[in-house]
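Trainee: Below is query_20.cif; it holds mmCIF, C-alpha atoms.
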```cif
data_model
loop_
_atom_site.label_atom_id
_atom_site.label_comp_id
_atom_site.auth_asym_id
_atom_site.auth_seq_id
_atom_site.Cartn_x
_atom_site.Cartn_y
_atom_site.Cartn_z
CA MET A 1 144.63 105.82 105.10
CA ASN A 2 141.88 103.41 105.89
CA GLU A 3 140.55 102.03 102.65
CA SER A 4 138.24 99.45 104.14
CA ALA A 5 134.59 99.96 103.33
CA CYS A 6 132.22 101.46 105.84
CA PRO A 7 129.68 98.80 106.87
CA PHE A 8 126.86 101.06 105.70
CA GLU A 9 128.27 101.55 102.19
CA SER A 10 126.30 98.66 100.76
CA ASP A 11 123.05 100.22 102.06
CA VAL A 12 123.95 103.58 100.55
CA LEU A 13 124.90 101.95 97.23
CA LEU A 14 121.73 99.87 97.11
CA ALA A 15 119.60 102.95 97.67
CA ALA A 16 121.46 104.80 94.95
CA LEU A 17 121.09 101.98 92.42
CA GLN A 18 117.36 101.96 93.16
CA SER A 19 117.36 105.71 92.43
CA ARG A 20 115.96 106.44 95.86
CA PRO A 21 116.54 110.06 96.91
CA LEU A 22 118.18 110.81 100.25
CA ALA A 23 114.92 112.07 101.67
CA ASP A 24 113.40 108.58 101.30
CA LEU A 25 116.12 106.82 103.23
CA ASP A 26 115.98 105.62 106.79
CA PRO A 27 116.66 108.61 109.15
CA ALA A 28 119.48 106.75 110.83
CA LEU A 29 121.15 106.09 107.48
CA ARG A 30 120.65 109.72 106.45
CA ALA A 31 122.27 110.88 109.65
CA HIS A 32 125.15 108.47 109.11
CA ILE A 33 125.72 109.74 105.58
CA ARG A 34 126.05 113.28 106.91
CA LEU A 35 128.76 112.21 109.33
CA CYS A 36 130.67 109.54 107.43
CA PRO A 37 133.10 110.89 104.79
CA ALA A 38 133.15 107.60 102.87
CA CYS A 39 129.36 107.30 102.70
CA SER A 40 128.97 110.99 101.99
CA GLY A 41 131.38 110.71 99.07
CA LEU A 42 129.60 107.59 97.87
CA ALA A 43 126.23 109.32 98.01
CA THR A 44 127.60 112.28 96.04
CA VAL A 45 129.15 110.07 93.38
CA THR A 46 126.17 107.76 92.98
CA ALA A 47 123.75 110.68 92.76
CA ALA A 48 125.86 112.22 90.01
CA PHE A 49 126.04 108.94 88.09
CA ASP A 50 122.34 108.34 88.48
CA ALA A 51 121.55 111.79 87.10
CA ALA A 52 123.99 111.34 84.23
CA ARG A 53 122.66 107.90 83.37
CA GLN A 54 119.03 109.04 83.43
CA GLN A 55 119.87 112.05 81.31
CA ALA A 56 121.79 109.96 78.78
CA LEU A 57 119.05 107.33 78.58
CA SER A 58 116.30 109.87 78.07
CA THR A 59 117.98 112.17 75.54
CA THR A 60 120.01 109.78 73.40
CA ILE A 61 118.96 109.07 69.85
CA LEU A 62 120.51 105.85 68.63
CA PRO A 63 120.35 104.14 65.26
CA PRO A 64 117.59 101.53 65.05
CA ALA A 65 118.48 97.91 65.69
CA SER A 66 117.68 96.85 62.15
CA LEU A 67 120.16 99.37 60.78
CA VAL A 68 122.92 98.14 63.10
CA TRP A 69 122.10 94.58 62.14
CA ARG A 70 122.27 95.25 58.41
CA ARG A 71 125.56 97.10 58.73
CA ALA A 72 126.99 94.20 60.72
CA ARG A 73 125.90 91.70 58.10
CA LEU A 74 127.35 93.78 55.26
CA ARG A 75 130.63 94.17 57.06
CA ALA A 76 130.79 90.48 57.97
CA ARG A 77 130.29 89.53 54.33
CA HIS A 78 132.91 92.02 53.19
CA GLU A 79 135.48 90.79 55.70
CA ASP A 80 134.78 87.16 54.88
CA ALA A 81 135.28 87.87 51.18
CA GLN A 82 138.57 89.62 51.93
CA ALA A 83 139.73 86.75 54.11
CA ALA A 84 138.86 84.25 51.40
CA GLY A 85 140.90 86.22 48.90
CA ARG A 86 144.04 86.52 51.01
CA PRO A 87 145.59 83.14 50.09
CA ILE A 88 145.01 83.89 46.42
CA THR A 89 146.70 87.27 46.79
CA ALA A 90 149.65 85.73 48.62
CA VAL A 91 150.15 83.17 45.84
CA GLN A 92 149.94 85.90 43.21
CA VAL A 93 152.53 88.03 44.99
CA LEU A 94 154.85 85.06 45.39
CA ALA A 95 154.47 84.14 41.73
CA PHE A 96 155.19 87.72 40.65
CA ALA A 97 158.28 87.94 42.87
CA THR A 98 159.57 84.64 41.53
CA ALA A 99 159.03 85.76 37.95
CA MET A 100 160.85 89.04 38.58
CA GLY A 101 163.73 87.21 40.22
CA LEU A 102 164.07 84.83 37.29
CA LEU A 103 163.86 87.71 34.83
CA GLY A 104 166.55 89.60 36.70
CA ALA A 105 168.79 86.55 36.80
CA CYS A 106 168.37 85.99 33.06
CA PHE A 107 169.13 89.65 32.34
CA GLY A 108 172.18 89.66 34.59
CA ALA A 109 173.56 86.49 33.10
CA THR A 110 173.13 87.58 29.49
CA SER A 111 173.86 91.33 29.53
CA ALA A 112 177.54 92.23 29.07
CA THR A 113 176.87 95.90 29.91
CA PHE A 114 175.23 95.01 33.20
CA GLN A 115 178.12 92.75 34.16
CA ARG A 116 180.68 95.46 33.34
CA VAL A 117 178.85 98.06 35.48
CA LEU A 118 178.54 95.58 38.33
CA ARG A 119 182.29 94.79 38.26
CA ARG A 120 183.14 98.53 38.36
CA ALA A 121 180.78 99.11 41.31
CA VAL A 122 182.25 96.21 43.27
CA SER A 123 185.82 97.39 42.68
CA PHE A 124 184.89 100.98 43.67
CA PHE A 125 183.41 99.93 47.01
CA ALA A 126 186.24 97.49 47.64
CA SER A 127 188.86 100.17 47.19
CA SER A 128 187.09 103.12 48.86
CA ASP A 129 187.53 103.97 52.54
CA LEU A 130 184.06 104.34 54.06
CA GLY A 131 185.46 105.89 57.22
CA ALA A 132 187.27 108.59 55.25
CA TRP A 133 184.11 109.29 53.27
CA LEU A 134 182.06 109.74 56.43
CA SER A 135 184.72 112.01 57.93
CA SER A 136 184.69 114.10 54.78
CA ALA A 137 180.89 114.34 54.87
CA ALA A 138 180.94 115.31 58.55
CA ALA A 139 183.59 117.96 57.92
CA HIS A 140 181.23 119.68 55.48
CA CYS A 141 178.48 119.76 58.08
CA PRO A 142 178.73 122.88 60.33
CA GLU A 143 177.44 120.98 63.37
CA PRO A 144 178.22 117.24 63.11
CA SER A 145 175.95 116.37 66.03
CA LEU A 146 173.05 117.73 63.99
CA LEU A 147 173.63 114.92 61.53
CA LEU A 148 173.27 112.39 64.33
CA TRP A 149 170.07 114.02 65.65
CA ALA A 150 168.66 114.13 62.13
CA PHE A 151 169.23 110.39 61.70
CA LEU A 152 167.70 109.65 65.11
CA ALA A 153 164.66 111.80 64.37
CA LEU A 154 164.18 110.04 61.04
CA ALA A 155 164.51 106.64 62.69
CA LEU A 156 161.84 107.54 65.26
CA LEU A 157 159.42 109.61 63.22
CA LEU A 158 159.34 107.49 60.10
CA PRO A 159 157.90 104.37 61.80
CA ALA A 160 155.47 106.54 63.76
CA ALA A 161 154.32 108.26 60.59
CA ILE A 162 153.83 104.91 58.88
CA LEU A 163 151.91 103.62 61.91
CA LEU A 164 149.64 106.66 61.91
CA ALA A 165 149.07 106.39 58.21
CA LEU A 166 148.13 102.73 58.42
CA THR A 167 146.00 102.97 61.55
CA ALA A 168 142.33 103.14 60.72
CA ASP A 169 140.42 106.08 62.20
CA MET B 1 131.58 102.58 60.83
CA SER B 2 129.84 105.88 60.16
CA ARG B 3 126.14 106.54 60.38
CA ASP B 4 126.37 107.78 56.76
CA THR B 5 127.08 104.33 55.31
CA THR B 6 124.65 103.47 52.55
CA PHE B 7 123.28 100.03 51.88
CA ASP B 8 123.71 99.59 48.17
CA GLY B 9 125.60 96.39 48.95
CA LEU B 10 122.36 94.48 49.41
CA ALA B 11 120.84 93.81 46.04
CA ASP B 12 117.16 94.24 45.35
CA GLY B 13 115.22 91.07 45.62
CA GLU B 14 117.66 89.58 48.10
CA PRO B 15 116.02 86.89 50.22
CA ALA B 16 114.64 87.96 53.58
CA LEU B 17 117.36 88.49 56.14
CA ALA B 18 118.17 85.16 57.65
CA ALA B 19 120.63 84.39 60.37
CA SER B 20 124.15 84.61 59.05
CA ARG B 21 126.45 81.73 59.77
CA ASP B 22 128.96 84.27 61.04
CA LEU B 23 126.78 86.18 63.49
CA VAL B 24 125.95 84.66 66.85
CA MET B 25 122.31 85.82 66.85
CA ASP B 26 119.49 86.02 64.40
CA GLU B 27 117.97 89.40 63.64
CA ASP B 28 114.99 89.15 65.97
CA ALA B 29 117.10 88.09 68.93
CA PHE B 30 119.59 90.84 68.14
CA CYS B 31 116.94 93.54 67.91
CA GLY B 32 115.61 92.62 71.35
CA PHE B 33 119.11 92.50 72.79
CA TYR B 34 120.00 95.84 71.21
CA THR B 35 116.84 97.50 72.51
CA ARG B 36 117.63 96.41 76.05
CA HIS B 37 121.32 97.26 76.14
CA ALA B 38 122.24 99.88 73.53
CA ARG B 39 121.34 102.94 75.59
CA PRO B 40 123.16 101.93 78.78
CA LEU B 41 126.11 100.89 76.64
CA TRP B 42 126.17 104.22 74.82
CA ALA B 43 125.96 106.07 78.14
CA PHE B 44 128.94 104.04 79.35
CA LEU B 45 130.95 104.78 76.21
CA VAL B 46 130.21 108.48 76.15
CA HIS B 47 131.25 108.95 79.77
CA VAL B 48 134.40 106.87 79.44
CA THR B 49 135.56 108.47 76.17
CA GLY B 50 134.12 111.94 76.73
CA ASP B 51 133.27 112.15 73.03
CA ARG B 52 129.76 111.62 71.67
CA GLN B 53 130.85 110.97 68.12
CA LEU B 54 133.45 108.46 69.20
CA ALA B 55 130.86 106.81 71.42
CA ASP B 56 128.54 106.46 68.41
CA ASP B 57 131.28 104.77 66.40
CA LEU B 58 132.37 102.54 69.25
CA LEU B 59 128.78 101.50 69.89
CA GLN B 60 128.47 100.15 66.36
CA GLU B 61 131.88 98.50 66.61
CA THR B 62 131.04 96.91 69.95
CA PHE B 63 127.86 95.30 68.65
CA TYR B 64 129.64 94.13 65.53
CA ARG B 65 132.41 92.45 67.51
CA PHE B 66 129.84 90.95 69.85
CA LEU B 67 127.96 89.47 66.91
CA ARG B 68 131.13 88.05 65.42
CA ALA B 69 132.48 86.60 68.64
CA ALA B 70 132.47 82.83 68.68
CA ALA B 71 132.15 82.64 72.46
CA PRO B 72 129.19 80.65 73.82
CA TYR B 73 126.97 82.74 76.08
CA GLU B 74 125.25 81.16 79.04
CA ASN B 75 122.55 83.74 79.63
CA GLU B 76 121.52 87.35 79.13
CA ALA B 77 123.74 88.60 81.95
CA HIS B 78 126.76 86.88 80.41
CA ARG B 79 126.04 88.51 77.07
CA ARG B 80 125.68 91.90 78.71
CA HIS B 81 128.98 91.55 80.55
CA SER B 82 130.69 90.49 77.36
CA LEU B 83 129.25 93.53 75.60
CA PHE B 84 130.60 95.91 78.22
CA ARG B 85 133.95 94.15 78.20
CA ILE B 86 134.26 94.63 74.45
CA ALA B 87 133.23 98.28 74.82
CA ALA B 88 135.78 98.88 77.60
CA ASN B 89 138.56 97.40 75.47
CA LEU B 90 137.58 99.50 72.47
CA ALA B 91 137.46 102.67 74.56
CA ARG B 92 140.89 101.91 75.99
CA ASP B 93 142.34 101.29 72.51
CA ALA B 94 140.79 104.50 71.19
CA HIS B 95 142.29 106.45 74.07
CA ARG B 96 145.75 104.97 73.42
CA ARG B 97 145.59 105.76 69.70
CA SER B 98 144.57 109.34 70.33
CA ALA B 99 147.32 109.73 72.95
CA VAL B 100 149.95 108.47 70.48
CA ARG B 101 148.59 110.72 67.75
CA ARG B 102 148.64 113.75 70.04
CA PHE B 103 152.21 112.95 71.10
CA ILE B 104 153.44 112.61 67.53
CA THR B 105 151.65 115.64 66.18
CA PHE B 106 151.94 117.80 69.31
CA ALA B 107 148.19 118.37 69.09
CA ARG B 108 146.11 119.45 72.04
CA PRO B 109 143.08 117.36 72.92
CA ALA B 110 139.93 118.68 71.30
CA PRO B 111 137.45 120.25 73.72
CA GLU B 112 135.03 117.50 74.60
CA SER B 113 131.45 118.32 75.18
CA LEU B 114 128.88 115.90 76.45
CA ALA B 115 126.27 118.60 76.67
CA GLY B 116 123.13 117.71 74.85
CA ALA B 117 120.55 120.15 73.73
CA ASP B 118 118.51 119.67 76.87
CA PRO B 119 119.08 122.41 79.49
CA GLY B 120 118.08 122.13 83.11
CA PRO B 121 119.47 120.95 86.45
CA ALA B 122 119.80 117.34 85.33
CA ALA B 123 121.89 118.41 82.37
CA GLU B 124 123.98 120.64 84.63
CA ARG B 125 124.67 117.77 87.02
CA ALA B 126 125.57 115.57 84.07
CA ALA B 127 127.89 118.27 82.76
CA ASP B 128 129.53 118.59 86.20
CA LEU B 129 130.11 114.85 86.22
CA ALA B 130 131.50 114.91 82.69
CA ARG B 131 133.93 117.68 83.61
CA ALA B 132 135.02 115.81 86.73
CA LEU B 133 135.46 112.56 84.80
CA LYS B 134 137.82 114.30 82.38
CA SER B 135 140.31 114.60 85.22
CA LEU B 136 140.31 110.84 85.70
CA LYS B 137 141.98 108.14 83.65
CA PRO B 138 139.76 106.18 81.25
CA ARG B 139 140.13 103.04 83.36
CA GLU B 140 138.96 104.93 86.44
CA ARG B 141 135.98 106.32 84.53
CA ALA B 142 135.06 102.85 83.34
CA MET B 143 135.39 101.37 86.85
CA LEU B 144 133.25 104.07 88.39
CA TRP B 145 130.54 103.92 85.74
CA LEU B 146 130.26 100.13 85.88
CA ALA B 147 130.15 100.19 89.69
CA TYR B 148 127.86 103.13 90.39
CA ALA B 149 125.79 103.58 87.25
CA GLU B 150 125.41 99.96 86.16
CA GLY B 151 125.62 98.32 89.57
CA ALA B 152 128.16 95.74 88.43
CA SER B 153 129.87 93.61 91.05
CA HIS B 154 133.60 93.81 91.66
CA HIS B 155 134.09 90.49 89.93
CA GLU B 156 132.19 91.68 86.86
CA ILE B 157 134.11 94.95 86.72
CA ALA B 158 137.43 93.16 87.08
CA ALA B 159 136.49 90.77 84.25
CA ALA B 160 135.39 93.66 82.03
CA LEU B 161 138.55 95.70 82.57
CA GLY B 162 141.10 92.93 82.81
CA LEU B 163 141.94 93.63 86.45
CA ARG B 164 142.44 91.37 89.42
CA PRO B 165 139.37 91.34 91.68
CA SER B 166 141.64 91.61 94.71
CA SER B 167 143.05 94.93 93.55
CA LEU B 168 139.79 96.37 92.28
CA LYS B 169 138.36 97.37 95.64
CA ALA B 170 141.27 99.66 96.47
CA LEU B 171 141.41 101.12 92.95
CA LEU B 172 137.69 101.79 93.00
CA PHE B 173 137.82 103.42 96.40
CA ARG B 174 140.61 105.77 95.36
CA ALA B 175 138.88 106.67 92.10
CA ARG B 176 135.63 107.32 93.94
CA ARG B 177 137.36 109.49 96.51
CA LYS B 178 139.04 111.49 93.74
CA LEU B 179 135.76 111.96 91.91
CA ALA B 180 133.91 112.94 95.08
CA SER B 181 136.42 115.68 95.78
CA LEU B 182 136.16 116.92 92.19
CA LEU B 183 132.37 116.99 92.39
CA ALA B 184 132.50 118.75 95.74
CA GLY B 185 134.80 121.36 94.21
CA ALA B 186 132.44 121.82 91.29
CA SER B 187 129.53 122.19 93.66
CA ASP B 188 131.39 124.83 95.68
CA ARG B 189 132.21 126.78 92.53
CA GLY B 190 128.57 126.59 91.50
CA VAL B 191 127.43 127.90 94.87
CA SER B 192 129.97 130.70 94.86
#
```
Would you mind giving the structure from this file in structure tokens?
Mentor:
Amino acid sequence: MNESACPFESDVLLAALQSRPLADLDPALRAHIRLCPACSGLATVTAAFDAARQQALSTTILPPASLVWRRARLRARHEDAQAAGRPITAVQVLAFATAMGLLGACFGATSATFQRVLRRAVSFFASSDLGAWLSSAAAHCPEPSLLLWAFLALALLLPAAILLALTAD
Amino acid sequence: MSRDTTFDGLADGEPALAASRDLVMDEDAFCGFYTRHARPLWAFLVHVTGDRQLADDLLQETFYRFLRAAAPYENEAHRRHSLFRIAANLARDAHRRSAVRRFITFARPAPESLAGADPGPAAERAADLARALKSLKPRERAMLWLAYAEGASHHEIAAALGLRPSSLKALLFRARRKLASLLAGASDRGVS
């Protein structure tokens, strides 16, 4: 397949970009276009684009420039205000997390009930056989491979769902 | 950004609109620039995306990003190329998001119609082109529009679409050949 341009392509393209119809072209070029597949295709494509562009330019109703400008300014101000507030928000979140951590540590250190429950949970997990538990759970499932597919589907769909939910339309 | 956005954010009595520090143009310069380039840009967007409403939204977004860009522009042509580059990137991102969404939700693409209210042979030719373009990839549509509707050079198209100039010629030729055969098929169906 010869993909090199025909030497007359630039003439055909120039005529098309000037919106000159075929009838106005040099007779030799017109004859060439009829015979050359590359130039014939180019003439077809450029005529179609020219018609589409003219039609779009003549029928389109766009918002006025002043409206676009005002929207842009509003949005720029809004985004700048959000950006200015981000460090403050980050500090607030960090302070809240630190306070909750300290509160939790104080509660854990002073509550006898909490410490008793924690000791029982640790001893339960230390003594239990996780493999036996999984085998028991799988035995109750009629089709164990379904369990695996369910986990895989959850692992794939959950991030995708979160991504879709967070993506702005 | 929707056309239905109201403007209650600007208080009454606010000083006359002056150039924002964060926008690269003042209002007068922007209005002139918008007047010269908005229509061709919208035509580009609508033919690359195949969706008039999406093109409306992307038009607003393109001008906003252009105004916020910190890049220094040498001249009008440079600004225009930058505008089309931003628009091409936005159209590509929109296409990717819709493809992911369709994959996840098993949705079929919505029927796209570029038909305006204006009947006639010009509208029919435009509709034929729109139908043919739907069979091409968005990058091919963008290449073809920039080359044959906007008259951009290969270097400009490559810069706008993030392609190597050396590979653009072959890509463009193949896309054009594909489109020509689609248009010829549409013409034959119309004749028959």
Trainee: Given the choices A:Pro159, A:Gly85, A:Gly108, A:Pro63, which gets closest to chain B if the distance is worked out from only C-alpha atoms?
Mentor: A:Pro63
Trainee: Would you kindly return, as a VMD selection string, each protein, DNA or RNA residue with an atom no farther than 12 Å from any atom of segment 168-182 of chain B, considering only C-alpha atoms and excluding same-chain residues fewer than 3 positions away?
Mentor: (chain A and resid 1 to 6 9 37 to 49) or (chain B and resid 128 to 148 153 to 165 185 to 189)
Trainee: Near chain A, meaning an atom within 6 Å, which residues of chain B appear when counting all atoms listed in the file? Write them as a tab-separated table (two decimals) with C-alpha atoms, in the coordinates of the input.
Mentor:
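out.tsv written:
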```tsv
chain	number	residue	atom	x	y	z
B	31	CYS	CA	116.94	93.54	67.91
B	39	ARG	CA	121.34	102.94	75.59
B	43	ALA	CA	125.96	106.07	78.14
B	64	TYR	CA	129.64	94.13	65.53
B	126	ALA	CA	125.57	115.57	84.07
B	148	TYR	CA	127.86	103.13	90.39
B	149	ALA	CA	125.79	103.58	87.25
B	180	ALA	CA	133.91	112.94	95.08
```
Trainee: Report, as AutoDock Vina command-line options, the centre and edge lengths in Å (one decimal) of the axis-aligned box enclosing every listed atom of segment 33-40 of chain B, padded by 8 Å on each side.
Mentor:
```
--center_x 120.0 --center_y 97.7 --center_z 75.0 --size_x 22.3 --size_y 26.4 --size_z 23.6
```
Trainee: Here is a test: counting only C-alpha atoms, which residue of A:Glu79, A:Leu25, A:Pro87, A:Ala150 is nearest to Arg68 of chain B?
Mentor: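 With only C-alpha atoms as the atom set, the closest residue is A:Glu79.
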Trainee: Could you pull the residues within 12 Å of Glu76 of chain B, counting only C-alpha atoms, minus those fewer than 5 positions along the same chain, as JSON, numbers by chain?
Mentor: {"B": [29, 30, 32, 33, 34, 36, 37, 81, 82, 83]}
Trainee: Pick the closest to Glu150 of chain B from A:His32, A:Ala121, A:Ser19, A:Ala83: which is it, counting only C-alpha atoms?
Mentor: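 Selected residue with least distance to Glu150 of chain B: A:Ser19.
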Trainee: One decimal, Å: what's the distance from atom CA of Thr62 of chain B over to atom CA of Val100 of chain B, could you say?
Mentor: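 Taking atom CA of Thr62 of chain B as the start and atom CA of Val100 of chain B as the end point, the length is 22.2 Å.
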Trainee: List as a ChimeraX atom specification the residues having at least one atom at most 12 Å from position (117.6, 79.4, 72.7) as given in the file, counting all atoms listed in the file.
Mentor: /B:24-26,29,72-76
Trainee: Those residues with C-alpha atoms, as an mmCIF file, keeping the file's coordinate frame please?
Mentor:
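Contents of the output file again_38.cif:
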```cif
data_model
loop_
_atom_site.group_PDB
_atom_site.id
_atom_site.type_symbol
_atom_site.label_atom_id
_atom_site.label_comp_id
_atom_site.auth_asym_id
_atom_site.auth_seq_id
_atom_site.Cartn_x
_atom_site.Cartn_y
_atom_site.Cartn_z
ATOM 1 C CA VAL B 24 125.950 84.660 66.850
ATOM 2 C CA MET B 25 122.310 85.820 66.850
ATOM 3 C CA ASP B 26 119.490 86.020 64.400
ATOM 4 C CA ALA B 29 117.100 88.090 68.930
ATOM 5 C CA PRO B 72 129.190 80.650 73.820
ATOM 6 C CA TYR B 73 126.970 82.740 76.080
ATOM 7 C CA GLU B 74 125.250 81.160 79.040
ATOM 8 C CA ASN B 75 122.550 83.740 79.630
ATOM 9 C CA GLU B 76 121.520 87.350 79.130
#
```
Trainee: Would you write out, as an MDAnalysis selection string, every residue that the PyMOL selection byres ((chain B and resi 94) around 12) captures in this file?
Mentor: (chainID A and resid 167:169) or (chainID B and resid 45 48:51 54:55 57:58 61 87:93 95:101 138)
Trainee: Can you work out the spacing between atom CA of Gly151 of chain B and atom CA of Arg85 of chain B in Å, to one decimal?
Mentor: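 These atoms are spaced 14.7 Å apart.
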Trainee: State, in Å with one decimal place, the distance from atom CA of Gln53 of chain B to atom CA of Pro121 of chain B.
Mentor: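 Distance between the two atoms: 23.8 Å.
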Trainee: Quick one: of B:Leu23, B:Gly120, B:Ala152, B:Leu59, who's nearest to Ala71 of chain B, counting all atoms listed in the file?
Mentor: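 Using all atoms listed in the file, the shortest distance to Ala71 of chain B belongs to B:Leu23.
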Trainee: For segment 109-122 of chain A, supply N, CA, C and O atoms and report the output as a CSV table (one decimal), keeping the file's coordinate frame.
Mentor:
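The result, written out as result17.csv:
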```
chain,number,residue,atom,x,y,z
A,109,ALA,N,172.7,87.5,33.7
A,109,ALA,CA,173.6,86.5,33.1
A,109,ALA,C,173.9,86.7,31.6
A,109,ALA,O,174.9,86.3,31.1
A,110,THR,N,173.0,87.4,30.9
A,110,THR,CA,173.1,87.6,29.5
A,110,THR,C,173.6,89.0,29.1
A,110,THR,O,174.0,89.2,27.9
A,111,SER,N,173.5,90.0,29.9
A,111,SER,CA,173.9,91.3,29.5
A,111,SER,C,175.3,91.6,29.9
A,111,SER,O,175.7,91.7,31.0
A,112,ALA,N,176.1,91.9,28.8
A,112,ALA,CA,177.5,92.2,29.1
A,112,ALA,C,177.7,93.6,29.7
A,112,ALA,O,178.5,93.8,30.6
A,113,THR,N,176.8,94.5,29.3
A,113,THR,CA,176.9,95.9,29.9
A,113,THR,C,176.6,95.9,31.4
A,113,THR,O,177.3,96.5,32.2
A,114,PHE,N,175.6,95.1,31.8
A,114,PHE,CA,175.2,95.0,33.2
A,114,PHE,C,176.4,94.4,34.0
A,114,PHE,O,176.7,94.9,35.1
A,115,GLN,N,177.0,93.4,33.4
A,115,GLN,CA,178.1,92.8,34.2
A,115,GLN,C,179.3,93.7,34.3
A,115,GLN,O,180.0,93.7,35.3
A,116,ARG,N,179.6,94.5,33.3
A,116,ARG,CA,180.7,95.5,33.3
A,116,ARG,C,180.4,96.5,34.4
A,116,ARG,O,181.3,96.8,35.2
A,117,VAL,N,179.2,97.1,34.5
A,117,VAL,CA,178.8,98.1,35.5
A,117,VAL,C,179.0,97.5,36.9
A,117,VAL,O,179.5,98.1,37.8
A,118,LEU,N,178.5,96.2,37.0
A,118,LEU,CA,178.5,95.6,38.3
A,118,LEU,C,180.0,95.4,38.8
A,118,LEU,O,180.3,95.6,40.0
A,119,ARG,N,180.9,95.0,37.9
A,119,ARG,CA,182.3,94.8,38.3
A,119,ARG,C,182.9,96.1,38.7
A,119,ARG,O,183.7,96.2,39.7
A,120,ARG,N,182.6,97.2,38.0
A,120,ARG,CA,183.1,98.5,38.4
A,120,ARG,C,182.6,99.0,39.7
A,120,ARG,O,183.4,99.5,40.5
A,121,ALA,N,181.3,98.7,40.0
A,121,ALA,CA,180.8,99.1,41.3
A,121,ALA,C,181.4,98.3,42.4
A,121,ALA,O,181.8,98.9,43.5
A,122,VAL,N,181.6,97.1,42.2
A,122,VAL,CA,182.2,96.2,43.3
A,122,VAL,C,183.7,96.7,43.5
A,122,VAL,O,184.1,96.8,44.7
```
